[in-house]
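Coordinates as given in protein.cif (mmCIF, C-alpha atoms):
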```
data_my_file
loop_
_atom_site.group_PDB
_atom_site.id
_atom_site.type_symbol
_atom_site.label_atom_id
_atom_site.label_comp_id
_atom_site.auth_asym_id
_atom_site.auth_seq_id
_atom_site.Cartn_x
_atom_site.Cartn_y
_atom_site.Cartn_z
ATOM 1 C CA MET A 22 88.749 53.870 109.137
ATOM 2 C CA GLU A 23 91.043 54.863 112.001
ATOM 3 C CA SER A 24 89.665 55.320 115.480
ATOM 4 C CA SER A 25 89.139 58.902 116.551
ATOM 5 C CA VAL A 26 91.997 58.708 119.045
ATOM 6 C CA SER A 27 94.624 57.512 116.581
ATOM 7 C CA ALA A 28 93.458 59.988 113.945
ATOM 8 C CA MET A 29 93.788 62.877 116.363
ATOM 9 C CA GLU A 30 97.184 61.784 117.626
ATOM 10 C CA ARG A 31 98.516 61.679 114.047
ATOM 11 C CA PRO A 32 96.437 64.431 112.443
ATOM 12 C CA PHE A 33 98.085 64.632 109.026
ATOM 13 C CA GLY A 34 100.463 61.671 109.159
ATOM 14 C CA SER A 35 104.057 61.493 110.395
ATOM 15 C CA ALA A 36 105.482 62.966 107.185
ATOM 16 C CA TYR A 37 103.435 66.134 107.587
ATOM 17 C CA VAL A 38 104.376 66.574 111.251
ATOM 18 C CA ALA A 39 108.077 66.079 110.530
ATOM 19 C CA ASP A 40 107.913 68.568 107.657
ATOM 20 C CA GLN A 41 106.241 71.142 109.896
ATOM 21 C CA VAL A 42 108.942 70.810 112.560
ATOM 22 C CA VAL A 43 111.757 71.220 110.003
ATOM 23 C CA ARG A 44 110.072 74.111 108.186
ATOM 24 C CA LYS A 45 109.422 76.071 111.386
ATOM 25 C CA ALA A 46 112.934 75.462 112.655
ATOM 26 C CA ASP A 47 114.334 76.762 109.358
ATOM 27 C CA HIS A 48 112.257 79.922 109.534
ATOM 28 C CA GLY A 49 112.522 80.466 113.289
ATOM 29 C CA GLN A 50 108.723 80.771 113.570
ATOM 30 C CA GLY A 51 108.139 78.539 116.565
ATOM 31 C CA ASP A 52 104.371 77.873 116.637
ATOM 32 C CA GLY A 53 103.446 80.845 114.489
ATOM 33 C CA SER A 54 102.382 82.905 117.488
ATOM 34 C CA MET A 55 100.580 86.190 117.083
ATOM 35 C CA THR A 56 99.208 88.749 119.446
ATOM 36 C CA ASN A 57 95.846 90.472 119.253
ATOM 37 C CA THR A 58 97.664 93.812 119.116
ATOM 38 C CA ASP A 59 98.766 92.895 115.598
ATOM 39 C CA PRO A 60 96.895 95.372 113.381
ATOM 40 C CA ARG A 61 96.824 93.042 110.376
ATOM 41 C CA PRO A 62 93.401 91.517 109.714
ATOM 42 C CA VAL A 63 92.303 87.899 109.781
ATOM 43 C CA LEU A 64 90.541 86.879 106.581
ATOM 44 C CA VAL A 65 87.299 84.987 107.282
ATOM 45 C CA LEU A 66 85.912 83.227 104.231
ATOM 46 C CA GLY A 67 82.168 82.738 104.272
ATOM 47 C CA ALA A 68 81.857 85.577 106.774
ATOM 48 C CA THR A 69 78.084 85.774 106.270
ATOM 49 C CA GLY A 70 77.511 82.028 106.686
ATOM 50 C CA LYS A 71 76.693 79.964 109.760
ATOM 51 C CA THR A 72 80.280 79.391 110.893
ATOM 52 C CA GLY A 73 82.047 82.372 109.327
ATOM 53 C CA ARG A 74 79.660 84.869 110.880
ATOM 54 C CA ARG A 75 80.333 83.506 114.343
ATOM 55 C CA VAL A 76 84.099 83.380 113.799
ATOM 56 C CA ALA A 77 84.133 86.983 112.535
ATOM 57 C CA ASP A 78 81.990 88.218 115.436
ATOM 58 C CA ARG A 79 84.216 86.563 118.021
ATOM 59 C CA LEU A 80 87.379 87.948 116.466
ATOM 60 C CA ALA A 81 85.917 91.454 116.357
ATOM 61 C CA ALA A 82 84.802 91.170 119.985
ATOM 62 C CA SER A 83 88.437 90.384 120.873
ATOM 63 C CA ASP A 84 89.617 93.505 119.018
ATOM 64 C CA VAL A 85 91.082 91.473 116.161
ATOM 65 C CA ALA A 86 90.762 93.170 112.787
ATOM 66 C CA VAL A 87 88.578 91.109 110.449
ATOM 67 C CA ARG A 88 88.383 91.069 106.665
ATOM 68 C CA ALA A 89 85.189 89.504 105.324
ATOM 69 C CA GLY A 90 85.870 87.099 102.491
ATOM 70 C CA SER A 91 82.749 87.222 100.351
ATOM 71 C CA ARG A 92 81.568 88.483 96.996
ATOM 72 C CA ARG A 93 80.301 91.613 98.734
ATOM 73 C CA GLY A 94 83.476 92.039 100.787
ATOM 74 C CA THR A 95 86.069 94.785 100.381
ATOM 75 C CA PRO A 96 87.912 93.652 98.366
ATOM 76 C CA PRO A 97 85.500 91.001 97.035
ATOM 77 C CA PHE A 98 86.368 87.301 97.220
ATOM 78 C CA ASP A 99 85.003 84.590 94.943
ATOM 79 C CA TRP A 100 86.084 80.941 95.026
ATOM 80 C CA HIS A 101 85.362 80.709 91.305
ATOM 81 C CA ASP A 102 87.558 83.709 90.431
ATOM 82 C CA PRO A 103 91.187 83.127 91.506
ATOM 83 C CA ALA A 104 92.014 86.699 90.498
ATOM 84 C CA THR A 105 90.167 87.833 93.661
ATOM 85 C CA TRP A 106 92.234 85.693 96.021
ATOM 86 C CA SER A 107 95.445 87.716 96.172
ATOM 87 C CA PRO A 108 93.739 91.085 96.810
ATOM 88 C CA ALA A 109 91.639 89.520 99.575
ATOM 89 C CA LEU A 110 94.808 88.146 101.189
ATOM 90 C CA ASP A 111 96.819 91.346 100.896
ATOM 91 C CA GLY A 112 98.228 92.247 104.316
ATOM 92 C CA VAL A 113 96.385 89.416 106.067
ATOM 93 C CA ARG A 114 97.993 87.564 108.976
ATOM 94 C CA ALA A 115 95.770 84.454 109.090
ATOM 95 C CA ALA A 116 92.799 82.923 107.288
ATOM 96 C CA TYR A 117 89.720 80.895 108.159
ATOM 97 C CA ILE A 118 88.849 78.720 105.161
ATOM 98 C CA SER A 119 85.326 77.436 104.641
ATOM 99 C CA TYR A 120 84.594 76.294 101.107
ATOM 100 C CA TYR A 121 81.141 76.982 99.702
ATOM 101 C CA PRO A 122 79.058 74.980 99.222
ATOM 102 C CA ASP A 123 81.032 71.947 100.443
ATOM 103 C CA LEU A 124 84.456 70.347 100.103
ATOM 104 C CA ALA A 125 82.761 67.342 98.492
ATOM 105 C CA VAL A 126 81.896 69.220 95.291
ATOM 106 C CA PRO A 127 84.135 68.880 92.203
ATOM 107 C CA GLY A 128 87.058 71.292 92.161
ATOM 108 C CA ALA A 129 86.973 72.051 95.893
ATOM 109 C CA VAL A 130 90.162 70.143 96.728
ATOM 110 C CA GLU A 131 92.171 71.878 94.033
ATOM 111 C CA ALA A 132 90.772 75.315 94.888
ATOM 112 C CA THR A 133 91.471 75.096 98.621
ATOM 113 C CA GLY A 134 94.999 73.836 98.040
ATOM 114 C CA LYS A 135 95.783 76.613 95.563
ATOM 115 C CA PHE A 136 94.229 79.249 97.811
ATOM 116 C CA ALA A 137 96.305 78.098 100.790
ATOM 117 C CA LYS A 138 99.463 78.338 98.685
ATOM 118 C CA VAL A 139 98.603 81.929 97.748
ATOM 119 C CA ALA A 140 97.950 82.674 101.431
ATOM 120 C CA VAL A 141 101.335 81.315 102.519
ATOM 121 C CA ASP A 142 103.139 83.101 99.690
ATOM 122 C CA GLN A 143 101.611 86.383 100.879
ATOM 123 C CA GLY A 144 102.525 85.851 104.535
ATOM 124 C CA ALA A 145 99.257 84.481 105.938
ATOM 125 C CA ASN A 146 100.878 81.325 107.277
ATOM 126 C CA ARG A 147 98.275 80.521 109.924
ATOM 127 C CA VAL A 148 95.281 78.777 108.383
ATOM 128 C CA VAL A 149 92.215 77.139 109.899
ATOM 129 C CA LEU A 150 90.291 74.829 107.570
ATOM 130 C CA LEU A 151 86.684 73.783 108.160
ATOM 131 C CA ALA A 152 86.170 70.208 106.959
ATOM 132 C CA GLY A 153 83.404 67.618 107.067
ATOM 133 C CA ARG A 154 83.732 64.557 109.250
ATOM 134 C CA GLY A 155 83.917 61.236 107.445
ATOM 135 C CA GLU A 156 84.173 62.789 103.972
ATOM 136 C CA ALA A 157 86.948 61.461 101.730
ATOM 137 C CA GLU A 158 87.077 64.625 99.616
ATOM 138 C CA ALA A 159 87.332 66.773 102.729
ATOM 139 C CA GLU A 160 90.324 64.737 103.878
ATOM 140 C CA ARG A 161 91.923 65.242 100.462
ATOM 141 C CA ALA A 162 91.392 68.986 100.892
ATOM 142 C CA GLU A 163 93.064 68.818 104.299
ATOM 143 C CA GLU A 164 96.131 67.247 102.708
ATOM 144 C CA ALA A 165 96.126 69.790 99.870
ATOM 145 C CA VAL A 166 96.102 72.687 102.308
ATOM 146 C CA ALA A 167 98.787 71.033 104.450
ATOM 147 C CA ASP A 168 100.961 70.663 101.338
ATOM 148 C CA SER A 169 100.942 74.459 100.963
ATOM 149 C CA GLY A 170 103.248 74.697 103.994
ATOM 150 C CA ALA A 171 100.661 76.547 106.092
ATOM 151 C CA ASP A 172 100.597 76.383 109.882
ATOM 152 C CA LEU A 173 97.364 74.444 109.537
ATOM 153 C CA THR A 174 94.669 73.594 112.047
ATOM 154 C CA VAL A 175 91.843 71.412 110.771
ATOM 155 C CA VAL A 176 88.408 71.790 112.334
ATOM 156 C CA ARG A 177 86.584 68.643 111.225
ATOM 157 C CA SER A 178 82.905 68.880 112.063
ATOM 158 C CA THR A 179 79.910 66.591 112.359
ATOM 159 C CA TRP A 180 76.333 67.762 111.626
ATOM 160 C CA PHE A 181 75.520 71.211 113.024
ATOM 161 C CA MET A 182 72.825 71.610 115.673
ATOM 162 C CA GLN A 183 71.989 74.890 113.949
ATOM 163 C CA ASN A 184 70.805 73.042 110.836
ATOM 164 C CA PHE A 185 67.586 72.701 112.812
ATOM 165 C CA SER A 186 67.301 76.374 113.819
ATOM 166 C CA GLU A 187 68.921 78.290 110.958
ATOM 167 C CA GLY A 188 69.151 75.853 108.083
ATOM 168 C CA ASP A 189 67.027 73.910 105.662
ATOM 169 C CA PHE A 190 65.333 71.783 108.336
ATOM 170 C CA ARG A 191 63.723 74.803 110.004
ATOM 171 C CA PRO A 192 60.694 75.175 107.683
ATOM 172 C CA GLN A 193 59.682 71.587 108.425
ATOM 173 C CA LEU A 194 60.033 72.164 112.154
ATOM 174 C CA LEU A 195 57.798 75.221 111.865
ATOM 175 C CA SER A 196 55.215 73.126 110.030
ATOM 176 C CA GLY A 197 55.156 70.528 112.806
ATOM 177 C CA LEU A 198 56.205 67.614 110.582
ATOM 178 C CA VAL A 199 59.821 66.776 109.786
ATOM 179 C CA THR A 200 60.532 64.258 107.033
ATOM 180 C CA LEU A 201 64.190 63.283 106.701
ATOM 181 C CA PRO A 202 65.988 60.259 105.212
ATOM 182 C CA ALA A 203 67.882 59.619 108.437
ATOM 183 C CA GLY A 204 66.396 56.317 109.585
ATOM 184 C CA ASP A 205 67.553 55.439 113.079
ATOM 185 C CA MET A 206 71.190 56.407 112.532
ATOM 186 C CA VAL A 207 72.833 58.311 115.386
ATOM 187 C CA GLU A 208 74.958 61.459 115.161
ATOM 188 C CA PRO A 209 76.852 63.501 117.795
ATOM 189 C CA PHE A 210 75.507 66.897 116.633
ATOM 190 C CA VAL A 211 77.880 69.793 117.347
ATOM 191 C CA ASP A 212 76.993 73.345 118.340
ATOM 192 C CA ILE A 213 78.460 75.832 115.871
ATOM 193 C CA ASP A 214 79.260 78.139 118.781
ATOM 194 C CA ASP A 215 81.702 75.488 120.018
ATOM 195 C CA LEU A 216 83.151 75.203 116.524
ATOM 196 C CA ALA A 217 83.589 78.970 116.271
ATOM 197 C CA ASP A 218 85.333 79.078 119.657
ATOM 198 C CA VAL A 219 87.780 76.404 118.480
ATOM 199 C CA ALA A 220 88.440 78.212 115.201
ATOM 200 C CA VAL A 221 89.100 81.527 116.947
ATOM 201 C CA ALA A 222 91.450 79.871 119.436
ATOM 202 C CA ALA A 223 93.382 78.314 116.553
ATOM 203 C CA LEU A 224 93.536 81.653 114.730
ATOM 204 C CA THR A 225 94.735 83.698 117.704
ATOM 205 C CA GLU A 226 96.471 81.423 120.228
ATOM 206 C CA ASP A 227 99.638 79.340 120.236
ATOM 207 C CA GLY A 228 99.653 75.551 120.336
ATOM 208 C CA HIS A 229 97.099 74.697 117.653
ATOM 209 C CA ALA A 230 99.212 74.524 114.484
ATOM 210 C CA GLY A 231 99.408 70.988 113.099
ATOM 211 C CA GLN A 232 96.363 69.852 115.077
ATOM 212 C CA LEU A 233 93.217 68.151 113.826
ATOM 213 C CA TYR A 234 90.218 68.854 116.034
ATOM 214 C CA GLU A 235 87.384 66.478 115.255
ATOM 215 C CA LEU A 236 84.381 68.189 116.784
ATOM 216 C CA THR A 237 81.226 66.546 118.112
ATOM 217 C CA GLY A 238 78.672 67.107 120.814
ATOM 218 C CA PRO A 239 78.831 65.082 124.036
ATOM 219 C CA ARG A 240 76.308 62.369 123.085
ATOM 220 C CA LEU A 241 74.736 60.469 120.225
ATOM 221 C CA LEU A 242 71.193 61.206 119.061
ATOM 222 C CA THR A 243 69.036 60.015 116.211
ATOM 223 C CA PHE A 244 67.352 62.735 114.185
ATOM 224 C CA ALA A 245 64.108 61.608 115.820
ATOM 225 C CA ASP A 246 65.713 62.164 119.251
ATOM 226 C CA ALA A 247 66.816 65.667 118.223
ATOM 227 C CA ILE A 248 63.349 66.591 116.992
ATOM 228 C CA GLU A 249 61.784 65.210 120.173
ATOM 229 C CA GLU A 250 64.069 67.461 122.234
ATOM 230 C CA ILE A 251 63.122 70.464 120.101
ATOM 231 C CA SER A 252 59.457 69.584 120.521
ATOM 232 C CA GLY A 253 59.901 69.502 124.280
ATOM 233 C CA ALA A 254 61.784 72.793 124.308
ATOM 234 C CA THR A 255 59.091 74.545 122.268
ATOM 235 C CA GLY A 256 56.088 72.994 123.966
ATOM 236 C CA ARG A 257 54.735 72.183 120.487
ATOM 237 C CA GLU A 258 53.997 68.820 118.961
ATOM 238 C CA ILE A 259 56.572 68.242 116.223
ATOM 239 C CA ARG A 260 56.492 64.842 114.548
ATOM 240 C CA TYR A 261 59.252 63.022 112.690
ATOM 241 C CA ALA A 262 58.625 60.729 109.715
ATOM 242 C CA PRO A 263 61.454 58.940 107.909
ATOM 243 C CA VAL A 264 61.457 59.118 104.103
ATOM 244 C CA SER A 265 63.724 58.004 101.289
ATOM 245 C CA VAL A 266 66.505 60.209 99.955
ATOM 246 C CA GLU A 267 64.537 60.600 96.729
ATOM 247 C CA GLU A 268 61.402 61.740 98.565
ATOM 248 C CA PHE A 269 63.440 64.156 100.646
ATOM 249 C CA ALA A 270 65.097 65.668 97.569
ATOM 250 C CA ALA A 271 61.734 66.131 95.868
ATOM 251 C CA ALA A 272 60.277 67.852 98.951
ATOM 252 C CA MET A 273 63.246 70.231 99.202
ATOM 253 C CA ALA A 274 62.925 71.087 95.527
ATOM 254 C CA ALA A 275 59.227 71.861 96.050
ATOM 255 C CA GLN A 276 60.239 74.281 98.847
ATOM 256 C CA GLY A 277 62.546 76.122 96.466
ATOM 257 C CA VAL A 278 65.824 74.869 97.969
ATOM 258 C CA PRO A 279 68.642 75.322 95.412
ATOM 259 C CA MET A 280 69.645 72.140 93.579
ATOM 260 C CA GLU A 281 73.234 72.511 94.788
ATOM 261 C CA ALA A 282 72.072 72.277 98.398
ATOM 262 C CA ILE A 283 69.746 69.378 97.598
ATOM 263 C CA GLU A 284 72.613 67.422 96.060
ATOM 264 C CA ILE A 285 74.822 68.002 99.087
ATOM 265 C CA PHE A 286 72.147 66.937 101.571
ATOM 266 C CA SER A 287 71.370 63.881 99.423
ATOM 267 C CA PHE A 288 75.076 62.989 99.522
ATOM 268 C CA LEU A 289 75.272 63.481 103.285
ATOM 269 C CA PHE A 290 72.122 61.482 104.034
ATOM 270 C CA GLY A 291 72.649 58.876 101.331
ATOM 271 C CA GLU A 292 76.359 58.163 101.824
ATOM 272 C CA ILE A 293 77.902 59.798 104.906
ATOM 273 C CA LEU A 294 75.082 59.008 107.354
ATOM 274 C CA ASP A 295 75.960 55.310 107.462
ATOM 275 C CA GLY A 296 77.346 54.949 110.981
ATOM 276 C CA ARG A 297 80.931 55.970 110.226
ATOM 277 C CA ASN A 298 80.559 59.020 112.491
ATOM 278 C CA ALA A 299 78.502 57.362 115.220
ATOM 279 C CA HIS A 300 80.926 58.105 118.038
ATOM 280 C CA VAL A 301 81.834 61.160 120.084
ATOM 281 C CA THR A 302 85.292 62.710 120.224
ATOM 282 C CA ASP A 303 87.238 64.949 122.595
ATOM 283 C CA GLY A 304 88.076 67.648 120.046
ATOM 284 C CA VAL A 305 86.330 70.496 121.848
ATOM 285 C CA ARG A 306 87.921 69.551 125.159
ATOM 286 C CA ARG A 307 91.405 69.274 123.641
ATOM 287 C CA ALA A 308 91.112 72.643 121.940
ATOM 288 C CA LEU A 309 89.317 74.632 124.630
ATOM 289 C CA GLY A 310 89.740 72.745 127.901
ATOM 290 C CA ARG A 311 85.982 72.370 128.411
ATOM 291 C CA GLU A 312 83.198 70.027 127.384
ATOM 292 C CA PRO A 313 81.074 70.613 124.268
ATOM 293 C CA ARG A 314 77.559 71.968 124.574
ATOM 294 C CA ASP A 315 74.736 69.453 124.822
ATOM 295 C CA PHE A 316 71.841 69.441 122.348
ATOM 296 C CA LYS A 317 69.266 70.039 125.081
ATOM 297 C CA TYR A 318 70.815 73.426 125.926
ATOM 298 C CA PHE A 319 70.971 74.376 122.260
ATOM 299 C CA ALA A 320 67.284 73.467 121.837
ATOM 300 C CA ARG A 321 66.269 75.353 124.971
ATOM 301 C CA ASP A 322 68.105 78.534 124.023
ATOM 302 C CA ALA A 323 67.054 78.473 120.366
ATOM 303 C CA ALA A 324 63.437 77.982 121.422
ATOM 304 C CA ALA A 325 63.700 80.909 123.847
ATOM 305 C CA ARG A 326 64.910 83.093 120.958
ATOM 306 C CA GLY A 327 61.879 82.095 118.896
ATOM 307 C CA ALA A 328 63.707 79.939 116.347
ATOM 308 C CA TRP A 329 60.702 77.627 116.047
ATOM 309 C CA ASP A 330 57.871 80.025 116.776
ATOM 310 C CA SER A 331 55.104 78.718 114.503
ATOM 311 C CA SER A 332 53.689 82.222 114.072
ATOM 312 C CA GLN A 333 56.818 83.285 112.197
ATOM 313 C CA LYS A 334 56.971 83.272 108.437
ATOM 314 C CA VAL A 335 59.726 81.195 106.866
#
```
Please express what this file holds, its structure, as structure tokens.
Amino acid sequence: MESSVSAMERPFGSAYVADQVVRKADHGQGDGSMTNTDPRPVLVLGATGKTGRRVADRLAASDVAVRAGSRRGTPPFDWHDPATWSPALDGVRAAYISYYPDLAVPGAVEATGKFAKVAVDQGANRVVLLAGRGEAEAERAEEAVADSGADLTVVRSTWFMQNFSEGDFRPQLLSGLVTLPAGDMVEPFVDIDDLADVAVAALTEDGHAGQLYELTGPRLLTFADAIEEISGATGREIRYAPVSVEEFAAAMAAQGVPMEAIEIFSFLFGEILDGRNAHVTDGVRRALGREPRDFKYFARDAAARGAWDSSQKV
């Protein structure tokens, strides 16, 4: 595996970069710049999810027109129904692509590549793709989207801090006992608010096309470390107990977590959490000119909002 520095310096390989330079020169597009006075909307796929919601909110706050890409959107969008793609992209100037449930699932690579080609054909040349760090299928999806000819920015993310406050780990935190198959492996958890800021910058500012931003927090923590920080922020005793992947999957199933999500978490804990991502990167700083948010501030603020208030119902 390449070091983070070399991977970021050559985000999609020399052939991709050369092709981008030639293609833009031929079309006179420069860096694909746009202004926020452009009335055309930005399509945000997964606009009700953890990342999409934040991206859409930030765009709207900057007076950028937003089109929500979801089954309940107008027009509706469904990854499993390609007939919905073209109407959702009609008149759009850029697109934020997040594939549900994960780029690691069968068919995701092909779908994202085909969608990006439809986007480019309809004039939405600027594309931001959310990808998973250290995932081979995600990297294949990156290449598939790049092959569409899009002015692509890849936002490659590590584990979200918000998995603890908004995701499937939260019920365990509320119970006071967290059982995860994480062992003592370290991860540089990233704040989704940092990720959303990077995505919005890439969607609305010049200078991000052709870049790969590998996003992490500023330091490495074990899952036990993260839970200890949450315990301190809440003033509650929250214990961590390591379990096997099989035990974890069975517990999630007993809580009613959908099998699709269980399979993804089992993949992430069982295969991806092996040390390949146990280093921090400068992606947030390169994209935004500032340091990423530290886990302790995330835990403090989420606790202040009542994310782990034990009196709340899950």
Residue among A:Asp227, A:Asp142, A:Glu156, A:Asp189 lying closest to Ser169 of chain A, counting all atoms listed in the file |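 Answer, going by the shortest atom-to-atom distance: A:Asp142.
Distance annotation: of A:Pro108, A:Gly253, A:Gly231, A:Gly197, the residue with the minimal separation from Val148 of chain A is A:Gly231; atom set is all atoms listed in the file.
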Between A:Gly128, A:Leu150, A:Ala157, A:Asp214, which has the minimum distance to Glu292 of chain A (counting only C-alpha atoms)?
-> A:Ala157
Name the residues that the PyMOL selection byres ((chain A and resi 71) around 9) pulls out of this structure, and write them as a list of chain:residue names.
-> A:Gly67, A:Ala68, A:Thr69, A:Gly70, A:Thr72, A:Gly73, A:Arg74, A:Arg75, A:Gln183, A:Glu187, A:Gly188, A:Ile213
Counting all atoms listed in the file, the residue among A:Ala81, A:Leu151, A:Leu216, A:Val166 that lies closest to Pro313 of chain A is A:Leu216
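Take the PyMOL selection byres ((chain A and resi 181) around 9) and apply it to this file: it picks Ser178, Thr179, Trp180, Met182, Gln183, Asn184, Phe185, Phe210, Val211, Asp212, Ile213 and Thr237 of chain A.
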When you look at Gly153 of chain A with a cut-off of 9 Å (counting all atoms listed in the file), what residues show up, excluding the ones that are within fewer than 6 positions of it in the same chain? I need them as a short mmCIF file (atom, residue, chain, number, x, y, z; two decimals) with C-alpha atoms, keeping the file's coordinate frame.
```
data_model
loop_
_atom_site.label_atom_id
_atom_site.label_comp_id
_atom_site.auth_asym_id
_atom_site.auth_seq_id
_atom_site.Cartn_x
_atom_site.Cartn_y
_atom_site.Cartn_z
CA ASP A 123 81.03 71.95 100.44
CA LEU A 124 84.46 70.35 100.10
CA ALA A 125 82.76 67.34 98.49
CA ALA A 159 87.33 66.77 102.73
CA GLU A 160 90.32 64.74 103.88
CA VAL A 176 88.41 71.79 112.33
CA ARG A 177 86.58 68.64 111.22
CA SER A 178 82.90 68.88 112.06
CA THR A 179 79.91 66.59 112.36
CA TRP A 180 76.33 67.76 111.63
#
```
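Atom to atom, atom CA of Gly204 of chain A and atom CA of Ala245 of chain A stand 8.5 Å apart.
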Closest to Val76 of chain A among A:Tyr261, A:Met280, A:Ala171, A:Asp215, using all atoms listed in the file?
-> A:Asp215
Between atom CA of Phe269 of chain A and atom CA of Trp100 of chain A, measure the distance and give it in Å to one decimal.
->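 Atom CA of Trp100 of chain A lies at a distance of 28.7 Å from atom CA of Phe269 of chain A.
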For the structure provided, state which residues fall under the PyMOL selection byres ((chain A and resi 199) around 10), and present them as a PyMOL selection string.
-> chain A and resi 190-198+200-201+244-245+248+259-264
Give the padded box for segment 322-330 of chain A as AutoDock Vina command-line options: axis-aligned, covering all atoms listed in the file, 8 Å on each side, centre and edge lengths in Å to one decimal.
```
--center_x 63.0 --center_y 80.4 --center_z 120.0 --size_x 26.2 --size_y 21.5 --size_z 24.0
```
Using all atoms listed in the file, determine which residues lie at most 6 Å from Val113 of chain A, disregarding the query and same-chain residues fewer than 4 positions distant; provide the list as a list in words.
->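 The filter keeps Arg61, Pro62, Val63 and Ala145 of chain A.
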Which is closest to Arg311 of chain A among A:Val219, A:Asp102, A:Arg93, A:Ala82, if we use only C-alpha atoms?
->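 Nearest to Arg311 of chain A: A:Val219.
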Using all atoms listed in the file, determine which residues lie at most 12 Å from Ala271 of chain A, disregarding the query and same-chain residues fewer than 2 positions distant; provide the list as a VMD selection string.
-> chain A and resid 200 to 202 264 to 269 273 to 280 283 to 284 286 to 287
List the neighbours of Tyr117 of chain A out to 6 Å using all atoms listed in the file; skip same-chain residues closer than 5 positions along the sequence, and give me the result as a PyMOL selection string.
-> chain A and resi 65-66+148-149
Atom CA of Val175 of chain A and atom CA of Gly144 of chain A, how far apart in Å?
->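 Atom CA of Val175 of chain A lies at a distance of 19.0 Å from atom CA of Gly144 of chain A.
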Excluding Asp84 of chain A and residues on its chain fewer than 5 positions from it, collect all residues at most 10 Å away from it, counting all atoms listed in the file, and give them as a PyMOL selection string.
-> chain A and resi 57-60+78-79
What does the file look like for those residues with C-alpha atoms, as a compact mmCIF listing (two decimals), in the frame of the given file?
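The file below, out.txt, is the result:
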```txt
# COMPACT_ATOMS: atom_id res chain seq x y z
CA ASN A 57 95.85 90.47 119.25
CA THR A 58 97.66 93.81 119.12
CA ASP A 59 98.77 92.90 115.60
CA PRO A 60 96.90 95.37 113.38
CA ASP A 78 81.99 88.22 115.44
CA ARG A 79 84.22 86.56 118.02
```
Expected residue set, 12 Å radius at (93.3, 85.8, 100.4), all atoms listed in the file, as a ChimeraX atom specification | /A:62-66,88-91,94-100,102-118,133,135-148
